[in-house]
$ cat run-v1.cif   # mmCIF, C-alpha atoms
data_input
loop_
_atom_site.label_atom_id
_atom_site.label_comp_id
_atom_site.auth_asym_id
_atom_site.auth_seq_id
_atom_site.Cartn_x
_atom_site.Cartn_y
_atom_site.Cartn_z
CA MET A 1 33.27 -1.32 -2.98
CA HIS A 2 34.06 0.60 0.21
CA PRO A 3 37.18 -0.73 1.99
CA THR A 4 36.45 -3.15 4.79
CA LYS A 5 37.09 -2.02 8.35
CA THR A 6 37.89 -4.60 10.99
CA VAL A 7 35.71 -4.56 14.10
CA THR A 8 36.35 -7.36 16.59
CA VAL A 9 34.50 -6.14 19.70
CA PRO A 10 30.73 -6.74 19.34
CA THR A 11 28.45 -3.72 19.59
CA ARG A 12 25.04 -4.13 21.18
CA VAL A 13 22.46 -2.33 19.00
CA ILE A 14 18.68 -1.90 19.03
CA GLY A 15 16.81 -1.86 15.72
CA LEU A 16 13.34 -0.30 15.51
CA ILE A 17 10.83 -0.08 12.67
CA SER A 18 7.10 0.08 12.07
CA GLY A 19 6.21 -0.81 8.51
CA THR A 20 3.43 0.23 6.16
CA SER A 21 1.05 -2.26 7.77
CA VAL A 22 1.27 -0.19 11.00
CA ASP A 23 0.92 -3.42 12.98
CA GLY A 24 3.22 -2.13 15.69
CA ILE A 25 6.87 -1.51 16.44
CA ASP A 26 9.28 -4.32 15.63
CA ALA A 27 12.18 -4.11 18.05
CA VAL A 28 15.34 -6.19 18.19
CA LEU A 29 18.38 -6.29 20.42
CA VAL A 30 21.39 -7.62 18.53
CA GLU A 31 25.15 -7.94 18.84
CA ILE A 32 27.05 -6.88 15.73
CA SER A 33 30.71 -7.30 14.82
CA GLY A 34 32.75 -7.07 11.64
CA SER A 35 31.94 -4.52 8.96
CA ASP A 36 30.60 -5.78 5.64
CA LEU A 37 32.07 -8.98 4.15
CA ASP A 38 32.79 -10.23 7.68
CA LEU A 39 29.54 -8.88 9.16
CA GLN A 40 28.18 -10.97 12.04
CA VAL A 41 24.80 -10.36 13.69
CA GLY A 42 23.45 -12.27 16.67
CA LEU A 43 19.80 -11.83 17.65
CA ILE A 44 19.42 -11.55 21.42
CA ALA A 45 15.76 -10.54 21.63
CA GLY A 46 12.96 -9.58 19.27
CA GLU A 47 9.44 -8.38 20.02
CA THR A 48 6.57 -6.53 18.34
CA TYR A 49 4.96 -3.85 20.49
CA PRO A 50 1.48 -2.86 19.24
CA TYR A 51 0.61 0.79 18.97
CA PRO A 52 -2.22 2.08 21.18
CA ALA A 53 -5.37 1.73 19.08
CA GLU A 54 -6.01 5.48 18.92
CA LEU A 55 -2.46 6.22 17.75
CA ARG A 56 -2.62 3.49 15.08
CA GLU A 57 -5.86 4.96 13.73
CA LYS A 58 -4.26 8.41 13.52
CA ILE A 59 -1.19 7.03 11.71
CA LEU A 60 -3.35 5.17 9.19
CA ALA A 61 -5.43 8.32 8.63
CA VAL A 62 -2.33 10.44 7.98
CA GLY A 63 -0.97 7.81 5.63
CA ALA A 64 -4.30 7.81 3.77
CA GLY A 65 -4.04 11.56 3.19
CA VAL A 66 -6.48 12.86 5.81
CA ALA A 67 -5.82 16.56 6.41
CA ILE A 68 -4.54 17.47 9.87
CA SER A 69 -3.06 20.59 11.45
CA MET A 70 0.65 21.04 12.16
CA ALA A 71 -0.15 20.83 15.87
CA GLU A 72 -1.77 17.44 15.35
CA LEU A 73 1.17 16.27 13.26
CA ALA A 74 3.56 17.30 16.03
CA GLU A 75 1.50 15.38 18.59
CA ILE A 76 1.58 12.24 16.45
CA ASP A 77 5.31 12.64 15.85
CA ASP A 78 5.93 12.93 19.60
CA ALA A 79 3.64 9.98 20.40
CA ILE A 80 5.44 7.74 17.90
CA ALA A 81 8.86 8.75 19.26
CA CYS A 82 7.68 7.99 22.81
CA ALA A 83 6.33 4.60 21.73
CA PHE A 84 9.60 3.79 19.97
CA ALA A 85 11.62 4.85 23.02
CA GLN A 86 9.48 2.65 25.25
CA ALA A 87 10.00 -0.28 22.89
CA ALA A 88 13.75 0.30 23.02
CA GLN A 89 13.68 0.27 26.81
CA ASP A 90 11.44 -2.80 27.01
CA ILE A 91 13.52 -4.92 24.60
CA GLN A 92 16.54 -4.51 26.88
CA ILE A 93 14.84 -5.83 30.02
CA GLY A 94 16.84 -8.76 31.39
CA HIS A 95 19.79 -8.09 29.06
CA GLN A 96 22.96 -6.06 29.03
CA PRO A 97 22.05 -2.60 27.64
CA ALA A 98 22.64 -1.38 24.12
CA THR A 99 24.92 1.52 23.20
CA LEU A 100 23.26 2.39 19.89
CA ILE A 101 19.74 2.56 18.41
CA GLY A 102 18.81 2.48 14.73
CA SER A 103 15.25 3.72 14.28
CA HIS A 104 13.54 3.84 10.91
CA GLY A 105 10.47 5.41 12.50
CA GLN A 106 7.04 5.31 10.91
CA THR A 107 6.76 6.17 7.23
CA VAL A 108 3.62 8.22 6.58
CA TYR A 109 4.48 9.64 3.16
CA HIS A 110 6.87 8.63 0.40
CA ARG A 111 7.21 10.35 -2.98
CA PRO A 112 10.04 9.10 -5.20
CA ALA A 113 11.78 11.50 -7.55
CA HIS A 114 10.31 11.39 -11.03
CA THR A 115 11.29 13.01 -14.32
CA ASP A 116 9.08 13.19 -17.38
CA ALA A 117 9.01 15.30 -20.53
CA LEU A 118 7.51 18.28 -18.71
CA ASN A 119 9.27 18.53 -15.38
CA THR A 120 11.17 16.88 -12.56
CA THR A 121 9.48 16.04 -9.27
CA LEU A 122 11.95 15.96 -6.38
CA GLY A 123 11.92 13.03 -4.00
CA TYR A 124 10.45 13.38 -0.53
CA SER A 125 9.86 10.96 2.33
CA LEU A 126 8.59 11.49 5.86
CA GLN A 127 9.23 9.17 8.79
CA LEU A 128 7.68 10.19 12.10
CA GLY A 129 9.20 9.39 15.50
CA ARG A 130 12.04 11.85 16.03
CA GLY A 131 15.41 10.26 16.66
CA ALA A 132 16.50 13.17 18.85
CA LEU A 133 13.60 12.54 21.22
CA ILE A 134 14.28 8.79 21.28
CA ALA A 135 17.91 9.52 22.20
CA HIS A 136 16.77 11.90 24.95
CA LEU A 137 14.23 9.48 26.43
CA THR A 138 16.49 6.41 26.33
CA GLY A 139 19.87 8.01 26.97
CA ILE A 140 21.22 6.02 23.98
CA THR A 141 22.79 7.43 20.83
CA THR A 142 20.19 7.09 18.09
CA VAL A 143 20.50 7.06 14.30
CA SER A 144 17.34 7.95 12.38
CA ASN A 145 16.04 9.53 9.14
CA PHE A 146 17.87 7.03 6.95
CA ARG A 147 16.19 7.81 3.62
CA ILE A 148 17.00 11.49 3.28
CA ALA A 149 20.70 11.30 2.36
CA ASP A 150 20.01 8.98 -0.58
CA ILE A 151 17.06 11.13 -1.71
CA ASN A 152 19.16 14.31 -1.52
CA ILE A 153 21.64 12.98 -4.08
CA GLY A 154 18.89 11.82 -6.46
CA GLY A 155 18.01 8.33 -5.23
CA HIS A 156 14.61 6.99 -4.22
CA GLY A 157 15.66 6.53 -0.59
CA ALA A 158 14.19 3.04 -0.95
CA PRO A 159 14.57 0.19 -0.67
CA LEU A 160 17.13 0.66 2.09
CA VAL A 161 17.95 -2.90 3.16
CA PRO A 162 19.54 -4.46 0.02
CA ARG A 163 23.11 -3.75 1.17
CA VAL A 164 22.34 -5.48 4.47
CA ASP A 165 20.69 -8.35 2.59
CA ALA A 166 23.83 -8.70 0.48
CA PHE A 167 26.20 -9.16 3.39
CA LEU A 168 23.89 -11.25 5.58
CA LEU A 169 22.17 -13.41 2.96
CA GLY A 170 24.42 -13.47 -0.11
CA ASP A 171 25.52 -16.91 -1.31
CA SER A 172 28.65 -17.84 -3.27
CA VAL A 173 26.93 -20.61 -5.23
CA GLY A 174 23.40 -19.61 -6.27
CA GLY A 175 21.33 -16.51 -6.86
CA ARG A 176 18.67 -15.51 -4.33
CA CYS A 177 15.70 -13.19 -4.19
CA ILE A 178 15.03 -11.81 -0.73
CA GLN A 179 11.31 -11.00 -0.83
CA ASN A 180 10.01 -8.91 2.02
CA ILE A 181 6.22 -8.92 2.34
CA GLY A 182 5.19 -6.19 4.74
CA GLY A 183 2.46 -3.73 3.87
CA ILE A 184 4.37 -3.24 0.62
CA GLY A 185 6.40 -5.99 -1.03
CA ASN A 186 10.03 -5.41 -1.95
CA VAL A 187 12.68 -7.66 -3.47
CA THR A 188 16.46 -7.76 -3.37
CA TYR A 189 18.04 -9.84 -6.11
CA LEU A 190 21.43 -11.22 -5.01
CA PRO A 191 23.63 -12.80 -7.70
CA PRO A 192 26.23 -15.31 -6.50
CA ARG A 193 29.05 -13.56 -4.65
CA GLY A 194 31.98 -12.83 -6.87
CA ASP A 195 33.82 -10.02 -8.61
CA ASP A 196 31.84 -6.77 -8.74
CA TRP A 197 28.77 -8.58 -7.42
CA LEU A 198 27.45 -5.58 -5.47
CA SER A 199 26.94 -3.62 -8.68
CA GLN A 200 24.85 -6.49 -10.06
CA ILE A 201 22.38 -6.48 -7.17
CA ARG A 202 18.93 -5.19 -8.05
CA ALA A 203 16.13 -4.18 -5.69
CA TRP A 204 12.75 -2.47 -5.89
CA ASP A 205 9.24 -2.43 -4.45
CA THR A 206 7.16 -5.10 -6.17
CA GLY A 207 3.78 -3.62 -5.17
CA PRO A 208 1.22 -4.46 -2.49
CA GLY A 209 2.25 -6.94 0.17
CA ASN A 210 -0.23 -7.21 3.03
CA SER A 211 -1.61 -3.67 2.68
CA LEU A 212 -4.71 -4.43 0.61
CA LEU A 213 -5.31 -7.75 2.37
CA ASP A 214 -5.27 -6.19 5.82
CA LEU A 215 -7.46 -3.28 4.74
CA ALA A 216 -9.92 -5.72 3.18
CA VAL A 217 -10.10 -7.85 6.35
CA GLU A 218 -10.81 -4.74 8.43
CA TYR A 219 -13.47 -3.67 5.91
CA LEU A 220 -15.12 -7.10 5.77
CA THR A 221 -15.22 -7.48 9.57
CA ASP A 222 -16.16 -3.85 10.37
CA GLY A 223 -12.86 -3.49 12.19
CA GLY A 224 -13.24 -6.73 14.14
CA GLN A 225 -10.09 -8.24 12.63
CA SER A 226 -6.95 -6.62 11.27
CA TYR A 227 -5.45 -9.51 9.28
CA ASP A 228 -6.15 -13.01 7.92
CA GLU A 229 -4.17 -15.39 10.14
CA ASN A 230 -2.13 -17.83 8.03
CA GLY A 231 -4.25 -16.79 5.04
CA ASN A 232 -6.92 -19.26 6.20
CA TRP A 233 -9.86 -17.11 5.12
CA ALA A 234 -8.40 -16.46 1.69
CA ALA A 235 -7.55 -20.15 1.31
CA SER A 236 -11.26 -21.01 1.55
CA GLY A 237 -12.01 -18.82 -1.48
CA VAL A 238 -11.40 -18.98 -5.22
CA PRO A 239 -9.40 -16.23 -6.97
CA CYS A 240 -10.98 -14.29 -9.82
CA TYR A 241 -8.20 -14.36 -12.38
CA SER A 242 -9.91 -11.92 -14.73
CA LEU A 243 -9.74 -9.28 -12.00
CA VAL A 244 -6.10 -10.07 -11.26
CA GLU A 245 -5.21 -9.66 -14.92
CA GLN A 246 -7.04 -6.32 -14.96
CA TRP A 247 -5.29 -5.08 -11.83
CA LEU A 248 -1.86 -6.13 -13.09
CA GLU A 249 -2.28 -3.64 -15.93
CA GLN A 250 -1.73 -0.87 -13.36
CA ASP A 251 1.11 1.40 -14.52
CA TYR A 252 3.33 0.82 -11.48
CA PHE A 253 3.78 -2.88 -12.24
CA HIS A 254 5.22 -2.06 -15.67
CA LEU A 255 7.52 0.75 -14.55
CA PRO A 256 11.15 -0.45 -14.71
CA PRO A 257 13.31 -0.32 -11.56
CA PRO A 258 14.60 1.49 -9.62
CA LYS A 259 11.15 2.20 -8.22
CA SER A 260 9.42 2.46 -4.88
CA THR A 261 5.86 2.86 -3.68
CA GLY A 262 3.70 2.85 -0.57
CA ARG A 263 0.22 3.34 0.82
CA GLU A 264 0.00 6.54 -1.22
CA LEU A 265 -0.79 4.18 -4.13
CA PHE A 266 -1.73 0.83 -2.60
CA GLY A 267 -3.91 2.10 0.23
CA VAL A 268 -7.53 2.75 1.12
CA ALA A 269 -8.46 4.45 -2.15
CA TYR A 270 -6.91 1.60 -4.14
CA LEU A 271 -8.86 -0.98 -2.13
CA HIS A 272 -12.13 0.84 -2.78
CA GLN A 273 -11.35 0.83 -6.50
CA CYS A 274 -10.69 -2.90 -6.25
CA LEU A 275 -14.04 -3.38 -4.49
CA LYS A 276 -15.76 -1.42 -7.24
CA ASP A 277 -14.02 -3.48 -9.93
CA ALA A 278 -15.14 -6.67 -8.17
CA GLU A 279 -18.86 -5.77 -8.01
CA PRO A 280 -19.82 -7.36 -11.38
CA TYR A 281 -18.26 -10.66 -10.28
CA GLN A 282 -20.32 -10.87 -7.05
CA LEU A 283 -17.42 -12.32 -5.06
CA ASN A 284 -17.97 -13.52 -1.53
CA PRO A 285 -15.50 -12.31 1.15
CA ALA A 286 -13.26 -15.38 0.88
CA ASP A 287 -13.10 -15.05 -2.91
CA LEU A 288 -12.22 -11.36 -2.60
CA LEU A 289 -9.35 -12.13 -0.20
CA ALA A 290 -8.13 -14.94 -2.42
CA THR A 291 -8.17 -12.54 -5.39
CA LEU A 292 -6.27 -9.83 -3.49
CA THR A 293 -3.73 -12.47 -2.40
CA GLU A 294 -3.34 -13.44 -6.04
CA LEU A 295 -2.64 -9.79 -6.89
CA THR A 296 0.22 -9.74 -4.37
CA VAL A 297 1.80 -12.99 -5.57
CA GLY A 298 1.02 -12.20 -9.21
CA SER A 299 2.75 -8.82 -8.95
CA ILE A 300 5.81 -10.50 -7.40
CA ALA A 301 6.01 -13.17 -10.11
CA HIS A 302 5.40 -10.59 -12.86
CA SER A 303 8.13 -8.38 -11.41
CA TYR A 304 10.65 -11.23 -11.41
CA ARG A 305 9.91 -12.27 -14.98
CA SER A 306 9.95 -8.70 -16.25
CA PHE A 307 12.91 -7.15 -14.46
CA LEU A 308 15.34 -9.71 -13.06
CA PRO A 309 18.55 -10.20 -15.05
CA GLN A 310 18.02 -13.92 -14.50
CA MET A 311 15.86 -16.10 -12.28
CA PRO A 312 17.42 -17.13 -8.95
CA GLN A 313 17.59 -20.59 -7.41
CA GLN A 314 15.81 -19.53 -4.21
CA VAL A 315 13.24 -17.04 -2.98
CA LEU A 316 13.63 -16.25 0.72
CA LEU A 317 10.53 -14.67 2.27
CA CYS A 318 10.53 -12.37 5.28
CA GLY A 319 8.12 -9.94 6.91
CA GLY A 320 4.60 -10.62 8.14
CA GLY A 321 3.52 -12.06 4.80
CA SER A 322 6.05 -14.88 5.16
CA ARG A 323 3.71 -16.34 7.82
CA ASN A 324 0.76 -16.34 5.39
CA LEU A 325 0.83 -20.00 4.40
CA TYR A 326 -1.73 -19.57 1.63
CA LEU A 327 0.22 -16.69 0.10
CA LYS A 328 3.45 -18.70 0.27
CA HIS A 329 1.73 -21.69 -1.36
CA ARG A 330 0.34 -19.54 -4.19
CA LEU A 331 3.73 -17.92 -4.81
CA GLN A 332 5.39 -21.34 -5.03
CA LEU A 333 2.80 -22.41 -7.63
CA LEU A 334 3.52 -19.30 -9.71
CA LEU A 335 7.30 -19.86 -9.46
CA PRO A 336 7.47 -23.66 -9.81
CA SER A 337 11.15 -23.81 -10.77
CA LEU A 338 12.29 -21.94 -7.64
CA SER A 339 12.52 -22.96 -3.99
CA VAL A 340 10.30 -20.63 -1.96
CA LEU A 341 11.58 -20.63 1.63
CA THR A 342 11.82 -18.13 4.48
CA THR A 343 14.94 -16.43 5.78
CA ASP A 344 14.46 -18.49 8.97
CA GLU A 345 15.63 -21.47 6.96
CA VAL A 346 19.01 -19.84 6.27
CA GLY A 347 19.50 -18.53 9.80
CA LEU A 348 17.98 -15.02 9.77
CA ASN A 349 14.75 -14.38 11.64
CA ALA A 350 12.00 -13.67 9.08
CA ASP A 351 9.79 -11.70 11.47
CA PHE A 352 12.50 -9.25 12.52
CA LYS A 353 14.79 -9.06 9.49
CA GLU A 354 13.84 -5.46 8.73
CA ALA A 355 14.45 -4.33 12.32
CA ILE A 356 17.80 -6.16 12.26
CA ALA A 357 18.63 -4.32 9.03
CA PHE A 358 18.17 -0.91 10.66
CA ALA A 359 20.35 -1.95 13.58
CA VAL A 360 23.04 -2.78 11.00
CA LEU A 361 22.53 0.50 9.12
CA ALA A 362 22.97 2.44 12.37
CA TYR A 363 26.10 0.41 13.13
CA TRP A 364 27.51 1.16 9.67
CA ARG A 365 26.68 4.86 10.11
CA GLN A 366 28.69 4.92 13.31
CA LEU A 367 31.60 3.22 11.54
CA GLY A 368 31.42 5.68 8.65
CA LEU A 369 30.44 3.01 6.11
CA PRO A 370 27.88 3.66 3.35
CA GLY A 371 24.45 2.13 3.78
CA ASN A 372 22.78 2.58 0.41
CA LEU A 373 23.19 0.49 -2.72
CA PRO A 374 23.06 2.74 -5.81
CA SER A 375 21.91 -0.12 -8.07
CA ALA A 376 18.84 -0.44 -5.82
CA THR A 377 17.90 3.17 -5.04
CA GLY A 378 19.03 4.79 -8.28
CA ALA A 379 21.39 7.13 -6.44
CA PRO A 380 24.53 8.17 -8.35
CA GLY A 381 26.84 6.83 -5.64
CA GLU A 382 27.31 5.40 -2.17
CA ILE A 383 26.57 7.60 0.82
CA LEU A 384 26.34 7.46 4.60
CA LEU A 385 22.74 6.96 5.74
CA GLY A 386 21.12 8.37 8.85
CA GLU A 387 21.35 11.31 11.21
CA ILE A 388 23.12 10.68 14.53
CA HIS A 389 21.64 12.05 17.76
CA LEU A 390 24.02 11.95 20.71
CA ARG A 391 22.16 12.04 24.00
CA ALA A 392 25.26 12.49 26.17
CA CYS A 393 26.30 15.86 24.76
CA GLY A 394 22.92 16.94 23.38
CA LYS A 395 24.15 17.12 19.77
CA SER A 396 22.82 15.89 16.46
CA TYR A 397 24.57 15.78 13.11
CA ASP A 398 24.08 14.41 9.62
#

$ encode --input "run-v1.cif" --output "structure tokens"
Amino acid sequence: MHPTKTVTVPTRVIGLISGTSVDGIDAVLVEISGSDLDLQVGLIAGETYPYPAELREKILAVGAGVAISMAELAEIDDAIACAFAQAAQDIQIGHQPATLIGSHGQTVYHRPAHTDALNTTLGYSLQLGRGALIAHLTGITTVSNFRIADINIGGHGAPLVPRVDAFLLGDSVGGRCIQNIGGIGNVTYLPPRGDDWLSQIRAWDTGPGNSLLDLAVEYLTDGGQSYDENGNWAASGVPCYSLVEQWLEQDYFHLPPPKSTGRELFGVAYLHQCLKDAEPYQLNPADLLATLTELTVGSIAHSYRSFLPQMPQQVLLCGGGSRNLYLKHRLQLLLPSLSVLTTDEVGLNADFKEAIAFAVLAYWRQLGLPGNLPSATGAPGEILLGEIHLRACGKSYD
């Protein structure tokens, strides 16, 4: 474990992220002190700023693999950076200003490294929304491009938040699974704190979170709705378990961790395959949503039973899916021996946990502390995450 550094004066940091659901930019303003074991984070403000509709459509199209020119890509990159900078400025209104920004940007493509009998595919990941431009527009030092350092040494560059989860949500008594349900679901398994506990942490992407559900709602309403509030629509349907069993045979669910995925797999094309698979069953819209919900919770439960070293005492949900009451209910039924709660119930805001995590990662980068967890990303060692862009002197460095 990296030696602890003592930091007593709180640093005011902004955390920014837009996830695979592309719902908008989650922004937080936090005060951080300590380093790792003594890490303290206080949430001052949190808000989600929706993308302009036209920009969101372009981002979703790029993520779905629609071909665009380099000029168009540059325009989208600039537009995202401007939107992130505006969010950073807006979240500070009425508060003392921040001195640091951690921006994860908008992931539009993620390809983990992969080795098979024939060749090795190098890892690659692209987050739009240039940190240098955010620093220029806000006048605040900005850390961005967090994945690349881990990827460059052979890791997946994902998931990135397990080290933050460990120091904010670890418990000395019982094991916990921190289950984020954004567009993609990801889990961090935290054993009880003790000797060498960081090396025992496991984390990976479990599969689809809200991605297929949101796409299905847009499809079923001809774009009139973008999500199923509280899971109410799905709750009125009946899952088709035969379909769920068929879908859970997908190769990704059986691939051992470390592993990561995204809309490249669980996106528009995957939904259309699901719709095709469902045709013989003649499901109504509510039944289809219930079945897709069951795929999300079924993939989580399958992942736990297949890959966890042991089952935890608690599952703490965060992300947009933590507000889907039907999804939460179904997950509790599939994991009857565990307590399924939200991170709110242990003092960490479930809506903004990911944005808080990137504020912490930026803070650690400034302190010179590693941000990755090799047991989660598959990297051979710890490394500093993020590129720093200093507005004051016009410099950037890795």

$ resolve_selection --input "run-v1.cif" --expression "the PyMOL selection byres ((chain A and resi 304-311) around 9)" --output "ChimeraX atom specification"
/A:175-177,187,189,191,200,202,206,254,256-257,299-303,312-314,338

$ atom_distance --input "run-v1.cif" --atom1 "CA of Asp165 (chain A)" --atom2 "CA of Thr188 (chain A)"
7.3 Å

$ closest_atom_pairs --input "run-v1.cif" --of "region 178-232 of chain A" --to "region 369-386 of chain A" --cutoff "7 Å" --atoms "only C-alpha atoms" --output "CSV"
residue,atom,partner,partner_atom,distance
A:Ser199,CA,A:Ser375,CA,6.2
A:Ile201,CA,A:Ser375,CA,6.4
A:Arg202,CA,A:Ala376,CA,5.2
A:Ala203,CA,A:Ala376,CA,4.6
A:Trp204,CA,A:Ala376,CA,6.4

$ closest_residue --input "run-v1.cif" --among "A:Ala85, A:Met70, A:Leu37, A:Cys240" --to "Leu137 (chain A)" --atoms "all atoms listed in the file"
A:Ala85

$ closest_residue --input "run-v1.cif" --among "A:Ala98, A:Ile388, A:Leu348, A:Leu317" --to "Leu29 (chain A)" --atoms "all atoms listed in the file"
A:Ala98

$ resolve_selection --input "run-v1.cif" --expression "the PyMOL selection byres ((chain A and resi 34) around 12)" --output "number ranges by chain"
A: 4-11, 31-33, 35-42, 167-168, 360, 363-364, 367, 369

$ residues_around --input "run-v1.cif" --residues "Val217 (chain A)" --least-positions-apart "6" --cutoff "7 Å" --atoms "only C-alpha atoms" --output "compact mmCIF listing (two decimals) with C-alpha atoms, in the frame of the given file"
# COMPACT_ATOMS: atom_id res chain seq x y z
CA GLN A 225 -10.09 -8.24 12.63
CA SER A 226 -6.95 -6.62 11.27
CA TYR A 227 -5.45 -9.51 9.28
CA ASP A 228 -6.15 -13.01 7.92

$ closest_residue --input "run-v1.cif" --among "A:Val28, A:Val173, A:Leu292, A:Val268" --to "Leu16 (chain A)" --atoms "only C-alpha atoms"
A:Val28

$ closest_residue --input "run-v1.cif" --among "A:Ile184, A:Ile80, A:Leu190, A:Leu288" --to "Arg263 (chain A)" --atoms "all atoms listed in the file"
A:Ile184

$ closest_residue --input "run-v1.cif" --among "A:Ile181, A:Ile44, A:Ala61, A:Leu133" --to "Gly320 (chain A)" --atoms "only C-alpha atoms"
A:Ile181

$ residues_near_point --input "run-v1.cif" --point "(-5.4, -3.9, 2.3)" --cutoff "12 Å" --atoms "all atoms listed in the file" --output "NGL selection string"
:A and (20-22 or 60 or 64 or 182-184 or 207-220 or 226-228 or 262-263 or 265-275 or 288-289 or 291-293 or 295-296)

$ atom_distance --input "run-v1.cif" --atom1 "CA of Gln179 (chain A)" --atom2 "CA of Leu316 (chain A)"
5.9 Å

$ closest_residue --input "run-v1.cif" --among "A:Ile14, A:Leu255, A:Ala166, A:Leu335" --to "Glu47 (chain A)" --atoms "all atoms listed in the file"
A:Ile14

$ residues_around --input "run-v1.cif" --residues "Pro239 (chain A)" --least-positions-apart "6" --cutoff "7 Å" --atoms "only C-alpha atoms" --output "PDB file with C-alpha atoms, in the coordinates of the input"
ATOM      1  CA  ASP A 287     -13.100 -15.050  -2.910  1.00  0.00           C
ATOM      2  CA  ALA A 290      -8.130 -14.940  -2.420  1.00  0.00           C
ATOM      3  CA  THR A 291      -8.170 -12.540  -5.390  1.00  0.00           C
ATOM      4  CA  GLU A 294      -3.340 -13.440  -6.040  1.00  0.00           C
TER       5      GLU A 294
END

$ resolve_selection --input "run-v1.cif" --expression "the PyMOL selection byres ((chain A and resi 160) around 9)" --output "PyMOL selection string"
chain A and resi 146-147+157-159+161-164+357-358+361+371-373+376-377

$ axis_aligned_box --input "run-v1.cif" --around "region 297-314 of chain A" --padding-each-side "8 Å" --output "AutoDock Vina command-line options"
--center_x 9.8 --center_y -13.9 --center_z -10.2 --size_x 33.5 --size_y 29.4 --size_z 28.0

$ residues_near_point --input "run-v1.cif" --point "(9.8, -22.7, -6.2)" --cutoff "10 Å" --atoms "only C-alpha atoms" --output "PDB file with C-alpha atoms, in the coordinates of the input"
ATOM      1  CA  PRO A 312      17.420 -17.130  -8.950  1.00  0.00           C
ATOM      2  CA  GLN A 313      17.590 -20.590  -7.410  1.00  0.00           C
ATOM      3  CA  GLN A 314      15.810 -19.530  -4.210  1.00  0.00           C
ATOM      4  CA  VAL A 315      13.240 -17.040  -2.980  1.00  0.00           C
ATOM      5  CA  LYS A 328       3.450 -18.700   0.270  1.00  0.00           C
ATOM      6  CA  HIS A 329       1.730 -21.690  -1.360  1.00  0.00           C
ATOM      7  CA  LEU A 331       3.730 -17.920  -4.810  1.00  0.00           C
ATOM      8  CA  GLN A 332       5.390 -21.340  -5.030  1.00  0.00           C
ATOM      9  CA  LEU A 333       2.800 -22.410  -7.630  1.00  0.00           C
ATOM     10  CA  LEU A 334       3.520 -19.300  -9.710  1.00  0.00           C
ATOM     11  CA  LEU A 335       7.300 -19.860  -9.460  1.00  0.00           C
ATOM     12  CA  PRO A 336       7.470 -23.660  -9.810  1.00  0.00           C
ATOM     13  CA  SER A 337      11.150 -23.810 -10.770  1.00  0.00           C
ATOM     14  CA  LEU A 338      12.290 -21.940  -7.640  1.00  0.00           C
ATOM     15  CA  SER A 339      12.520 -22.960  -3.990  1.00  0.00           C
ATOM     16  CA  VAL A 340      10.300 -20.630  -1.960  1.00  0.00           C
ATOM     17  CA  LEU A 341      11.580 -20.630   1.630  1.00  0.00           C
TER      18      LEU A 341
END

$ residues_around --input "run-v1.cif" --residues "His104 (chain A)" --least-positions-apart "4" --cutoff "10 Å" --atoms "only C-alpha atoms" --output "MDAnalysis selection string"
chainID A and resid 15:19 84 127:131 143:147 354:355 357:359 361:362 386

$ atom_distance --input "run-v1.cif" --atom1 "CA of Ser125 (chain A)" --atom2 "CA of Asp205 (chain A)"
15.0 Å

$ decode --input "run-v1.cif" --residues "region 168-175 of chain A" --atoms "N, CA, C and O atoms" --output "short mmCIF file (atom, residue, chain, number, x, y, z; two decimals), in the first residue's frame"
data_model
loop_
_atom_site.label_atom_id
_atom_site.label_comp_id
_atom_site.auth_asym_id
_atom_site.auth_seq_id
_atom_site.Cartn_x
_atom_site.Cartn_y
_atom_site.Cartn_z
N LEU A 168 -13.73 5.16 1.09
CA LEU A 168 -14.94 5.86 1.53
C LEU A 168 -16.00 4.91 2.08
O LEU A 168 -16.81 5.32 2.91
N LEU A 169 -16.01 3.66 1.62
CA LEU A 169 -17.12 2.77 1.96
C LEU A 169 -16.69 1.45 2.58
O LEU A 169 -17.53 0.61 2.90
N GLY A 170 -15.38 1.24 2.76
CA GLY A 170 -14.92 0.01 3.39
C GLY A 170 -15.38 -0.07 4.84
O GLY A 170 -15.55 0.95 5.52
N ASP A 171 -15.59 -1.29 5.31
CA ASP A 171 -16.09 -1.52 6.67
C ASP A 171 -15.16 -2.51 7.37
O ASP A 171 -14.67 -3.46 6.74
N SER A 172 -14.93 -2.33 8.64
CA SER A 172 -14.01 -3.20 9.37
C SER A 172 -14.67 -4.48 9.84
O SER A 172 -13.98 -5.42 10.27
N VAL A 173 -15.98 -4.56 9.73
CA VAL A 173 -16.70 -5.72 10.27
C VAL A 173 -17.15 -6.68 9.17
O VAL A 173 -16.85 -7.87 9.18
N GLY A 174 -17.91 -6.16 8.18
CA GLY A 174 -18.50 -7.03 7.17
C GLY A 174 -18.08 -6.68 5.76
O GLY A 174 -17.64 -5.56 5.48
N GLY A 175 -18.21 -7.66 4.86
CA GLY A 175 -17.92 -7.42 3.46
C GLY A 175 -19.07 -6.68 2.78
O GLY A 175 -20.23 -6.84 3.16
#
